[in-house]
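Peer 1: Input run_30.txt, format and content: compact mmCIF, C-alpha atoms and all ligand atoms.
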# COMPACT_ATOMS: atom_id res chain seq x y z
CA MET A 291 98.42 421.97 145.51
CA ILE A 292 97.03 420.03 142.60
CA PRO A 293 95.85 422.36 139.81
CA GLU A 294 92.25 422.20 138.58
CA GLY A 295 91.66 419.92 135.66
CA SER A 296 94.79 417.90 136.27
CA SER A 297 94.98 414.22 135.59
CA ILE A 298 93.00 413.45 138.75
CA ARG A 299 89.70 413.88 136.97
CA LEU A 300 91.09 412.25 133.90
CA GLY A 301 92.09 409.29 136.02
CA ARG A 302 88.55 408.73 137.30
CA ALA A 303 87.08 409.30 133.84
CA ILE A 304 89.38 406.78 132.22
CA ARG A 305 88.66 404.34 134.99
CA GLY A 306 84.93 404.72 134.30
CA LEU A 307 85.44 403.88 130.67
CA LEU A 308 87.57 400.90 131.47
CA THR A 309 84.96 399.28 133.65
CA ILE A 310 82.37 399.31 130.86
CA GLY A 311 81.75 395.80 129.60
CA SER A 312 83.41 392.73 130.93
CA SER A 313 86.38 392.42 128.62
CA VAL A 314 89.77 392.39 130.24
CA VAL A 315 91.51 395.63 129.44
CA VAL A 316 95.20 395.01 129.57
CA LEU A 317 96.71 398.34 130.42
CA ALA A 318 99.57 397.18 132.55
CA PRO A 319 102.97 396.90 130.99
CA ALA A 320 103.93 393.32 130.24
CA LEU A 321 105.36 391.65 133.29
CA PRO A 322 109.09 392.12 133.18
CA ALA A 323 111.21 389.20 132.12
CA THR A 324 113.95 389.78 134.63
CA SER A 325 113.81 390.33 138.33
CA ALA A 326 115.32 388.79 141.40
CA ALA A 327 112.04 387.03 141.82
CA ASP A 328 111.63 385.93 138.22
CA GLY A 329 109.63 382.75 137.86
CA ILE A 330 108.32 382.84 141.40
CA PRO A 331 104.57 383.06 141.04
CA GLY A 332 103.79 384.69 144.35
CA ALA A 333 106.50 387.26 144.24
CA SER A 334 106.55 390.82 143.03
CA SER A 335 105.04 391.56 139.65
CA VAL A 336 107.45 394.41 139.11
CA PRO A 337 111.23 394.29 138.96
CA VAL A 338 112.53 394.75 142.47
CA VAL A 339 113.43 398.41 142.00
CA HIS A 340 110.66 399.61 144.29
CA LYS A 341 110.51 398.67 147.93
CA PHE A 342 107.55 396.86 149.49
CA ALA A 343 105.87 399.10 152.06
CA GLY A 344 103.49 396.65 153.75
CA ASN A 345 99.73 396.69 154.09
CA HIS A 346 99.89 398.78 157.29
CA LYS A 347 101.03 401.69 155.09
CA CYS A 348 98.16 401.30 152.63
CA LYS A 349 95.81 401.04 155.60
CA THR A 350 96.39 404.61 156.77
CA CYS A 351 94.39 405.98 153.82
CA HIS A 352 92.56 402.94 152.49
CA GLU A 353 90.71 402.02 155.67
CA LYS A 354 88.70 405.24 155.57
CA GLU A 355 85.02 404.94 154.67
CA PRO A 356 84.89 407.80 152.10
CA ILE A 357 87.55 406.15 149.93
CA GLY A 358 85.84 402.76 150.26
CA ASN A 359 87.72 400.95 153.06
CA GLN A 360 89.63 398.67 150.71
CA TYR A 361 91.72 397.61 153.70
CA GLY A 362 88.71 396.27 155.58
CA VAL A 363 87.45 394.40 152.53
CA TRP A 364 90.87 392.85 152.05
CA LEU A 365 91.21 391.95 155.74
CA ASP A 366 87.97 389.94 155.52
CA SER A 367 89.11 388.15 152.37
CA THR A 368 90.84 384.80 152.15
CA HIS A 369 93.89 386.57 150.69
CA ALA A 370 94.59 388.12 154.10
CA LYS A 371 94.40 384.67 155.67
CA ALA A 372 96.43 382.84 153.06
CA PHE A 373 99.51 382.36 155.24
CA GLY A 374 97.45 381.04 158.16
CA THR A 375 95.81 378.57 155.77
CA LEU A 376 99.19 376.87 155.44
CA ALA A 377 98.91 375.74 159.08
CA THR A 378 95.62 373.85 158.60
CA ASP A 379 95.30 370.07 158.53
CA LYS A 380 94.47 370.20 154.85
CA ALA A 381 97.66 372.13 154.15
CA LYS A 382 99.70 369.66 156.16
CA LYS A 383 98.16 366.78 154.21
CA TRP A 384 98.85 368.42 150.85
CA GLY A 385 102.29 369.37 152.10
CA ALA A 386 103.08 365.79 153.00
CA GLU A 387 101.99 364.69 149.51
CA ALA A 388 104.42 367.24 148.03
CA GLY A 389 107.28 366.22 150.33
CA VAL A 390 106.88 369.36 152.43
CA ASP A 391 107.36 369.18 156.22
CA ASP A 392 106.07 372.59 157.19
CA PRO A 393 104.05 374.43 154.51
CA GLN A 394 104.59 377.78 156.28
CA ALA A 395 108.34 377.39 155.90
CA ASP A 396 108.61 375.92 152.43
CA GLU A 397 108.98 377.81 149.18
CA LYS A 398 106.71 375.27 147.46
CA CYS A 399 103.76 376.73 149.37
CA VAL A 400 104.79 380.14 150.70
CA LYS A 401 105.53 381.60 147.29
CA CYS A 402 101.80 381.85 146.52
CA HIS A 403 100.46 382.26 150.05
CA SER A 404 102.42 385.39 150.93
CA THR A 405 103.73 388.62 149.43
CA ALA A 406 107.22 389.51 148.19
CA TYR A 407 108.40 385.95 148.52
CA GLY A 408 111.98 385.72 147.30
CA VAL A 409 112.42 389.48 147.43
CA PRO A 410 115.55 390.37 149.42
CA ASP A 411 115.02 391.96 152.85
CA LYS A 412 116.65 395.22 151.78
CA MET A 413 113.80 395.75 149.30
CA VAL A 414 111.19 395.21 151.98
CA SER A 415 110.37 397.78 154.69
CA ARG A 416 111.37 396.97 158.22
CA LYS A 417 107.78 396.63 159.39
CA PHE A 418 106.67 394.52 156.43
CA ASP A 419 104.91 391.43 157.74
CA ARG A 420 105.78 388.38 155.68
CA THR A 421 103.06 386.39 157.45
CA ALA A 422 100.26 388.77 156.39
CA GLY A 423 99.25 386.63 153.42
CA VAL A 424 98.50 387.92 149.93
CA GLN A 425 98.67 391.65 150.64
CA CYS A 426 97.78 394.72 148.59
CA GLU A 427 101.21 394.83 147.00
CA ALA A 428 101.01 391.22 145.74
CA CYS A 429 98.52 392.57 143.20
CA HIS A 430 99.17 396.31 143.05
CA GLY A 431 102.97 396.24 143.03
CA ALA A 432 105.59 397.27 145.58
CA GLY A 433 104.26 400.53 146.99
CA LYS A 434 106.95 402.44 148.87
CA ASP A 435 107.40 404.87 145.98
CA PHE A 436 103.76 405.30 144.89
CA ARG A 437 102.00 405.43 148.27
CA LYS A 438 102.15 409.22 148.67
CA LYS A 439 98.79 410.84 148.08
CA LYS A 440 100.01 413.29 145.43
CA VAL A 441 101.32 410.28 143.51
CA MET A 442 98.33 408.03 144.12
CA ILE A 443 95.82 410.49 142.68
CA ASP A 444 97.75 410.71 139.40
CA ARG A 445 97.52 407.30 137.77
CA ASP A 446 100.31 407.78 135.22
CA LEU A 447 102.69 409.05 137.88
CA ALA A 448 101.75 406.16 140.17
CA VAL A 449 102.37 403.61 137.42
CA SER A 450 105.77 405.19 136.75
CA LYS A 451 106.55 404.58 140.43
CA GLY A 452 105.51 400.96 140.48
CA LEU A 453 101.70 400.78 140.64
CA VAL A 454 100.57 397.74 138.67
CA LEU A 455 97.23 398.06 136.90
CA GLN A 456 95.10 394.96 137.09
CA ASN A 457 94.67 392.22 134.54
CA ALA A 458 94.25 388.45 134.58
CA GLU A 459 98.01 387.81 134.46
CA VAL A 460 98.41 389.38 137.89
CA CYS A 461 96.16 386.66 139.30
CA THR A 462 97.29 383.65 137.27
CA ARG A 463 100.78 383.93 138.74
CA CYS A 464 99.13 382.16 141.69
CA HIS A 465 95.79 380.91 140.40
CA ASN A 466 97.19 378.15 138.22
CA ASP A 467 97.56 374.38 138.13
CA GLU A 468 100.75 374.39 140.19
CA SER A 469 98.52 374.93 143.22
CA PRO A 470 97.39 371.77 145.02
CA ALA A 471 94.01 373.50 145.43
CA TRP A 472 93.59 373.90 141.66
CA ASP A 473 90.20 372.74 140.47
CA PRO A 474 89.88 372.92 136.67
CA GLY A 475 86.08 372.96 137.03
CA ARG A 476 85.86 375.71 139.67
CA TYR A 477 84.25 378.34 137.42
CA SER A 478 81.36 377.85 134.99
CA LEU A 479 81.94 380.07 131.99
CA PRO A 480 79.07 382.19 130.65
CA GLY A 481 79.38 380.63 127.21
CA GLY A 482 79.39 377.09 128.65
CA GLY A 483 82.40 375.09 129.72
CA LYS A 484 84.49 375.25 132.87
CA ALA A 485 87.73 376.89 133.94
CA GLY A 486 89.99 376.73 136.96
CA PHE A 487 90.14 380.53 136.98
CA ASP A 488 87.95 383.17 135.39
CA TYR A 489 89.13 386.74 135.86
CA ASP A 490 85.77 388.49 135.57
CA GLN A 491 84.04 386.22 138.07
CA ALA A 492 87.00 386.05 140.46
CA VAL A 493 87.42 389.84 140.57
CA LYS A 494 83.75 390.20 141.55
CA LYS A 495 84.47 388.07 144.62
CA ILE A 496 87.27 390.33 145.85
CA VAL A 497 86.09 393.71 144.57
CA HIS A 498 86.91 396.76 146.74
CA PRO A 499 85.87 399.83 144.73
CA VAL A 500 86.40 403.51 145.37
CA PRO A 501 82.84 404.90 145.66
CA GLU A 502 81.55 406.90 142.72
CA GLY A 503 82.00 410.61 143.35
CA TYR A 504 84.84 410.21 145.86
CA ASP A 505 86.91 413.37 145.91
CA PRO A 506 90.47 412.80 147.13
CA LEU A 507 91.00 416.55 147.52
CA ALA A 508 88.10 416.82 149.97
CA ASP A 509 89.53 413.93 151.95
CA GLY A 510 92.43 415.44 153.85
CA GLU A 511 95.66 417.10 152.83
CA VAL A 512 97.67 416.19 149.76
CA ASP A 513 101.19 415.58 151.05
C1 LIG A 601 98.41 408.97 151.71
C2 LIG A 601 97.22 408.22 151.38
C3 LIG A 601 97.38 406.92 150.61
C4 LIG A 601 98.23 405.86 150.89
C5 LIG A 601 99.24 405.72 152.04
C6 LIG A 601 97.96 404.86 149.88
N1 LIG A 601 96.99 405.30 149.02
FE1 LIG A 601 96.28 404.30 147.41
N2 LIG A 601 95.14 405.92 146.90
C7 LIG A 601 95.00 407.06 147.66
C8 LIG A 601 94.12 407.99 146.97
C9 LIG A 601 93.68 409.35 147.48
C10 LIG A 601 93.74 407.35 145.75
C11 LIG A 601 92.87 407.91 144.65
C12 LIG A 601 91.47 407.42 144.78
C13 LIG A 601 90.65 407.91 143.62
O1 LIG A 601 90.57 409.11 143.39
O2 LIG A 601 90.10 407.07 142.96
C14 LIG A 601 94.40 406.05 145.76
C15 LIG A 601 94.27 405.12 144.74
C16 LIG A 601 94.79 403.84 144.77
C17 LIG A 601 94.58 402.83 143.76
C18 LIG A 601 93.80 403.03 142.47
C19 LIG A 601 94.75 403.62 141.47
C20 LIG A 601 94.16 403.76 140.10
O3 LIG A 601 94.47 404.76 139.44
O4 LIG A 601 93.43 402.87 139.67
C21 LIG A 601 95.25 401.71 144.16
C22 LIG A 601 95.33 400.40 143.41
C23 LIG A 601 95.87 402.01 145.43
N3 LIG A 601 95.57 403.31 145.78
C24 LIG A 601 96.65 401.13 146.16
C25 LIG A 601 97.41 401.49 147.26
C26 LIG A 601 98.38 400.61 147.89
C27 LIG A 601 98.69 399.20 147.46
C28 LIG A 601 98.94 401.31 148.92
C29 LIG A 601 100.02 400.86 149.88
C30 LIG A 601 101.28 400.45 149.29
C31 LIG A 601 98.32 402.63 148.93
N4 LIG A 601 97.41 402.69 147.90
C32 LIG A 601 98.62 403.63 149.83
C33 LIG A 601 95.62 407.34 148.84
C34 LIG A 601 96.61 406.54 149.43
C1 LIG A 602 100.39 385.98 145.49
C2 LIG A 602 99.46 384.96 145.01
C3 LIG A 602 98.07 385.38 144.60
C4 LIG A 602 97.70 386.38 143.72
C5 LIG A 602 98.62 387.32 142.94
C6 LIG A 602 96.26 386.34 143.64
N1 LIG A 602 95.76 385.38 144.46
FE1 LIG A 602 93.79 384.95 144.80
N2 LIG A 602 94.29 383.58 146.19
C7 LIG A 602 95.59 383.21 146.51
C8 LIG A 602 95.57 382.23 147.57
C9 LIG A 602 96.78 381.56 148.20
C10 LIG A 602 94.21 382.02 147.89
C11 LIG A 602 93.65 381.08 148.95
C12 LIG A 602 93.71 381.76 150.30
C13 LIG A 602 93.21 380.86 151.40
O1 LIG A 602 92.22 380.13 151.23
O2 LIG A 602 93.82 380.92 152.46
C14 LIG A 602 93.43 382.88 146.99
C15 LIG A 602 92.04 382.99 146.99
C16 LIG A 602 91.29 383.72 146.10
C17 LIG A 602 89.85 383.75 146.02
C18 LIG A 602 88.91 383.04 146.99
C19 LIG A 602 88.74 381.61 146.62
C20 LIG A 602 87.70 381.41 145.60
O3 LIG A 602 88.03 380.81 144.54
O4 LIG A 602 86.57 381.86 145.80
C21 LIG A 602 89.51 384.57 144.98
C22 LIG A 602 88.12 384.89 144.47
C23 LIG A 602 90.75 385.08 144.42
N3 LIG A 602 91.80 384.55 145.12
C24 LIG A 602 90.82 385.97 143.36
C25 LIG A 602 92.01 386.55 142.89
C26 LIG A 602 92.07 387.55 141.84
C27 LIG A 602 90.89 388.08 141.08
C28 LIG A 602 93.39 387.88 141.70
C29 LIG A 602 94.02 388.89 140.75
C30 LIG A 602 93.44 390.20 140.76
C31 LIG A 602 94.14 387.10 142.66
N4 LIG A 602 93.28 386.31 143.36
C32 LIG A 602 95.52 387.18 142.83
C33 LIG A 602 96.75 383.70 145.95
C34 LIG A 602 96.82 384.76 145.06
C1 LIG A 603 100.91 378.39 142.26
C2 LIG A 603 100.48 378.99 143.51
C3 LIG A 603 100.22 378.10 144.71
C4 LIG A 603 101.09 377.21 145.28
C5 LIG A 603 102.49 376.86 144.82
C6 LIG A 603 100.41 376.68 146.43
N1 LIG A 603 99.17 377.23 146.55
FE1 LIG A 603 97.76 376.78 147.97
N2 LIG A 603 96.39 377.93 146.99
C7 LIG A 603 96.66 378.70 145.90
C8 LIG A 603 95.44 379.35 145.45
C9 LIG A 603 95.34 380.30 144.29
C10 LIG A 603 94.43 378.92 146.32
C11 LIG A 603 92.96 379.30 146.24
C12 LIG A 603 92.31 378.36 145.29
C13 LIG A 603 91.10 378.93 144.70
O1 LIG A 603 90.15 379.15 145.46
O2 LIG A 603 91.06 379.14 143.48
C14 LIG A 603 95.07 378.04 147.30
C15 LIG A 603 94.39 377.44 148.35
C16 LIG A 603 95.00 376.59 149.27
C17 LIG A 603 94.33 376.00 150.41
C18 LIG A 603 92.86 376.19 150.79
C19 LIG A 603 92.06 375.20 150.01
C20 LIG A 603 90.70 374.94 150.55
O3 LIG A 603 89.98 374.20 149.87
O4 LIG A 603 90.35 375.44 151.60
C21 LIG A 603 95.25 375.23 151.06
C22 LIG A 603 95.03 374.39 152.29
C23 LIG A 603 96.51 375.34 150.32
N3 LIG A 603 96.31 376.18 149.26
C24 LIG A 603 97.67 374.71 150.68
C25 LIG A 603 98.85 374.75 149.93
C26 LIG A 603 100.04 373.97 150.26
C27 LIG A 603 100.16 373.04 151.43
C28 LIG A 603 100.95 374.26 149.31
C29 LIG A 603 102.36 373.70 149.16
C30 LIG A 603 102.46 372.25 149.07
C31 LIG A 603 100.33 375.22 148.38
N4 LIG A 603 99.07 375.49 148.82
C32 LIG A 603 100.96 375.75 147.29
C33 LIG A 603 97.89 378.88 145.27
C34 LIG A 603 99.01 378.11 145.51
C1 LIG A 604 94.29 389.67 145.02
C2 LIG A 604 94.65 390.91 144.37
C3 LIG A 604 94.38 392.20 145.09
C4 LIG A 604 94.70 392.52 146.40
C5 LIG A 604 95.34 391.63 147.44
C6 LIG A 604 94.28 393.88 146.59
N1 LIG A 604 93.72 394.37 145.44
FE1 LIG A 604 93.08 396.26 145.11
N2 LIG A 604 92.37 395.75 143.27
C7 LIG A 604 92.53 394.51 142.70
C8 LIG A 604 91.81 394.47 141.43
C9 LIG A 604 91.70 393.28 140.49
C10 LIG A 604 91.23 395.76 141.25
C11 LIG A 604 90.38 396.26 140.08
C12 LIG A 604 88.97 395.77 140.24
C13 LIG A 604 88.08 396.14 139.09
O1 LIG A 604 88.46 395.92 137.94
O2 LIG A 604 86.98 396.64 139.35
C14 LIG A 604 91.63 396.53 142.43
C15 LIG A 604 91.28 397.86 142.64
C16 LIG A 604 91.74 398.63 143.70
C17 LIG A 604 91.49 400.03 143.86
C18 LIG A 604 90.78 400.94 142.86
C19 LIG A 604 89.30 400.78 142.99
C20 LIG A 604 88.53 401.70 142.05
O3 LIG A 604 87.30 401.68 142.14
O4 LIG A 604 89.12 402.43 141.27
C21 LIG A 604 92.06 400.42 145.04
C22 LIG A 604 92.07 401.80 145.64
C23 LIG A 604 92.68 399.24 145.61
N3 LIG A 604 92.46 398.17 144.78
C24 LIG A 604 93.39 399.23 146.80
C25 LIG A 604 93.81 398.06 147.46
C26 LIG A 604 94.37 398.03 148.79
C27 LIG A 604 94.63 399.24 149.64
C28 LIG A 604 94.63 396.73 149.07
C29 LIG A 604 95.15 396.13 150.36
C30 LIG A 604 94.49 396.54 151.59
C31 LIG A 604 94.27 395.95 147.89
N4 LIG A 604 93.76 396.80 146.95
C32 LIG A 604 94.42 394.58 147.78
C33 LIG A 604 93.27 393.46 143.21
C34 LIG A 604 93.76 393.37 144.51
Translate the structure described by the file into structure tokens.
Ligand code: HEC
Ligand code: HEC
Ligand code: HEC
Ligand code: HEC
Peer 2:
Amino acid sequence: MIPEGSSIRLGRAIRGLLTIGSSVVVLAPALPATSAADGIPGASSVPVVHKFAGNHKCKTCHEKEPIGNQYGVWLDSTHAKAFGTLATDKAKKWGAEAGVDDPQADEKCVKCHSTAYGVPDKMVSRKFDRTAGVQCEACHGAGKDFRKKKVMIDRDLAVSKGLVLQNAEVCTRCHNDESPAWDPGRYSLPGGGKAGFDYDQAVKKIVHPVPEGYDPLADGEVD
């Protein structure tokens, strides 16, 4: 049982405050300097102390309508298709230009088009699908230890177990000029000028919110 007035409400309240305005609120701890996957843009954003669960685990709760079906939104996004993209003619052409035979089998491409690239198998659940593209945990952190409901509804506890709060740095590990798809003029900035990546605008394209007023305690048992 979760006591009344616990950090659940606080969590939603804080979240409300954080979404006011468009400034990037950097709440997440700085990305760690050392990990097995250090320097690999598409890999884990947390040290590999937590295991990757796989999007099928997140799906069990996050495909429900009351919570906002984040899974469905993700599945329709290009992130979910990012590994398949590496089999297209365009990918093969760019691969050839980079000296890559098969983009789906080469670190030069896979590191940003998949999840947990470079993370050893023992830190990845057995059913984790390495071909499932840029999954939940590429942005939210390896989830085996935070995916329990009683953890998920308490933001501080979840962060202590590996949940990564969002900020631009999470994205620019992959959205940067190392990508052959990089277009420095992709985004028009509100104040004039162009940028290859703009966090506020890019997030709007992938947004998958929890509906206002959602009550996790009314939505099934807390395990
Ligand atoms: C057992 C059910 C369950 C599973 C499994 C689960 N979640 Fe959650 N998740 C929740 C609930 C409930 C919330 C709280 C929603 C709220 O009140 O806003 C939540 C919240 C979140 C949040 C928002 C946290 C915050 O404080 O901003 C993220 C991000 C998230 N989940 C990602 C994931 C990922 C990634 C996975 C898979 C590794 C996952 N969840 C698996 C139930 C679950
Ligand atoms: C692990 C690497 C990775 C991370 C982290 C990542 N992305 Fe992406 N993103 C990609 C790849 C690869 C594609 C292209 C997928 C395709 O076309 O198959 C993409 C595509 C997109 C697109 C659609 C293309 C477009 O420009 O309209 C948006 C929007 C986007 N990402 C936003 C974000 C945001 C916002 C974040 C951070 C919260 C983020 N991404 C984090 C790799 C990543
Ligand atoms: C540094 C990370 C990174 C690396 C490395 C990377 N990509 Fe990507 N790729 C991205 C991102 C991010 C996008 C989405 C671009 C956007 O919309 O902003 C993308 C998009 C693409 C697309 C879709 C572009 C379109 O216009 O439809 C193809 C194809 C692609 N990449 C192929 C490759 C190939 C082939 C390699 C290896 C030679 C590679 N990528 C390496 C991050 C990367
Ligand atoms: C490309 C990066 C990326 C991927 C992949 C991704 N998310 Fe998110 N997620 C974000 C960002 C960024 C936010 C915060 C958006 C904002 O500021 O409004 C977020 C917010 C959330 C929230 C909290 C929403 C709220 O209103 O409080 C939940 C829950 C969540 N994501 C679950 C998931 C699940 C489950 C998956 C996989 C099925 C997933 N996310 C995939 C980047 C991502």
Peer 1: In Å, how far is it from atom C16 of ligand LIG 603 (chain A) to atom CA of A:Gln425?
Peer 2: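 Those two atoms sit 15.6 Å apart.
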Peer 1: Neighbours of ligand LIG 601 (chain A) at 8 Å or closer, counting only C-alpha atoms and all ligand atoms: which residues, as a PyMOL selection string?
Peer 2: chain A and resi 298+301-302+305+342-352+357+426-427+429-434+436-440+442-446+448+453-455+500+504-507+509+512-513
Peer 1: May I have the residues within 6 Å of A:Gly475 as a ChimeraX atom specification, using all atoms listed in the file and disregarding those fewer than 2 positions away in the same chain?
Peer 2: /A:473,477,484-486
Peer 1: Looking at all atoms listed in the file, which of A:Lys354, A:Lys380, A:His340, A:Lys417 is the one that sits closest to ligand LIG 603 (chain A)?
Peer 2: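 Closest candidate: A:Lys380.
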Peer 1: Considering only C-alpha atoms and all ligand atoms, tabulate each residue of chain A that lies at most 6 Å from ligand LIG 602 (chain A) along with its nearest interatomic pair and the corresponding distance in Å to one decimal; arrange the rows by chain and ascending residue number and present them as CSV.
Peer 2:
residue,atom,partner,partner_atom,distance
A:Gly332,CA,A:LIG602,C1,3.8
A:Thr368,CA,A:LIG602,C12,4.6
A:His369,CA,A:LIG602,C12,4.8
A:Lys371,CA,A:LIG602,O2,5.0
A:Ala372,CA,A:LIG602,O2,3.3
A:Thr375,CA,A:LIG602,O2,4.5
A:Cys402,CA,A:LIG602,C2,4.2
A:His403,CA,A:LIG602,C9,4.2
A:Ser404,CA,A:LIG602,C1,5.8
A:Thr405,CA,A:LIG602,C1,5.8
A:Val424,CA,A:LIG602,C1,5.2
A:Ala428,CA,A:LIG602,C1,5.3
A:Cys429,CA,A:LIG602,C5,5.3
A:Val460,CA,A:LIG602,C29,5.3
A:Cys461,CA,A:LIG602,C29,3.4
A:Arg463,CA,A:LIG602,C5,5.8
A:Cys464,CA,A:LIG602,C2,4.4
A:Tyr489,CA,A:LIG602,C27,5.7
A:Ala492,CA,A:LIG602,C22,4.3
A:Val493,CA,A:LIG602,C27,3.9
A:Lys495,CA,A:LIG602,C22,4.8
A:Ile496,CA,A:LIG602,C22,5.7
Peer 1: Using Å and a single decimal, report how far atom CA of A:Trp472 sits from atom C8 of ligand LIG 603 (chain A).
Peer 2: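 Separating atom C8 of ligand LIG 603 (chain A) from atom CA of A:Trp472 is a distance of 6.9 Å.
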Peer 1: Go through A:Gly362, A:Gly452, A:Pro470, A:Gly374 one by one, measure the shortest atom-to-atom distance of each to ligand LIG 603 (chain A) using all atoms listed in the file, and give the residue with the smallest value.
Peer 2: A:Pro470
Peer 1: In Å to one decimal, how far is atom CA of A:Arg476 from atom CA of A:Ala395?
Peer 2: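 Taking atom CA of A:Ala395 and atom CA of A:Arg476, their separation equals 27.8 Å.
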Peer 1: Enumerate residues in contact with ligand LIG 603 (chain A): an atom-to-atom distance of at most 6 Å, counting only C-alpha atoms and all ligand atoms. Format the result as number ranges by chain.
Peer 2: A: 375-376, 380-382, 384-385, 388, 393, 398-399, 402, 464-466, 468-472
Peer 1: Given the choices A:Gln456, A:Ser415, A:Thr378, A:Ser367, which gets closest to ligand LIG 604 (chain A) if the distance is worked out from all atoms listed in the file?
Peer 2: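 Among the listed residues, the smallest separation from ligand LIG 604 (chain A) belongs to A:Gln456.
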Peer 1: Looking at all atoms listed in the file, which of A:Gly483, A:Val409, A:Gln360, A:Val339 is the one that sits closest to ligand LIG 604 (chain A)?
Peer 2: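 The answer is A:Gln360, which sits nearest to ligand LIG 604 (chain A).
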Peer 1: Point out the residue among A:Asp467, A:Pro356, A:Leu365, A:Gly408 with the least atom-to-atom distance to ligand LIG 604 (chain A), counting only C-alpha atoms and all ligand atoms.
Peer 2: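 Of the candidates, the smallest distance to ligand LIG 604 (chain A) is held by A:Leu365.
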Peer 1: Nearest to A:Pro410 among A:Val338, A:Val390, A:Ala458, A:Val497, with distances taken over only C-alpha atoms: which residue is it?
Peer 2: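 Smallest distance to A:Pro410 is found for A:Val338.
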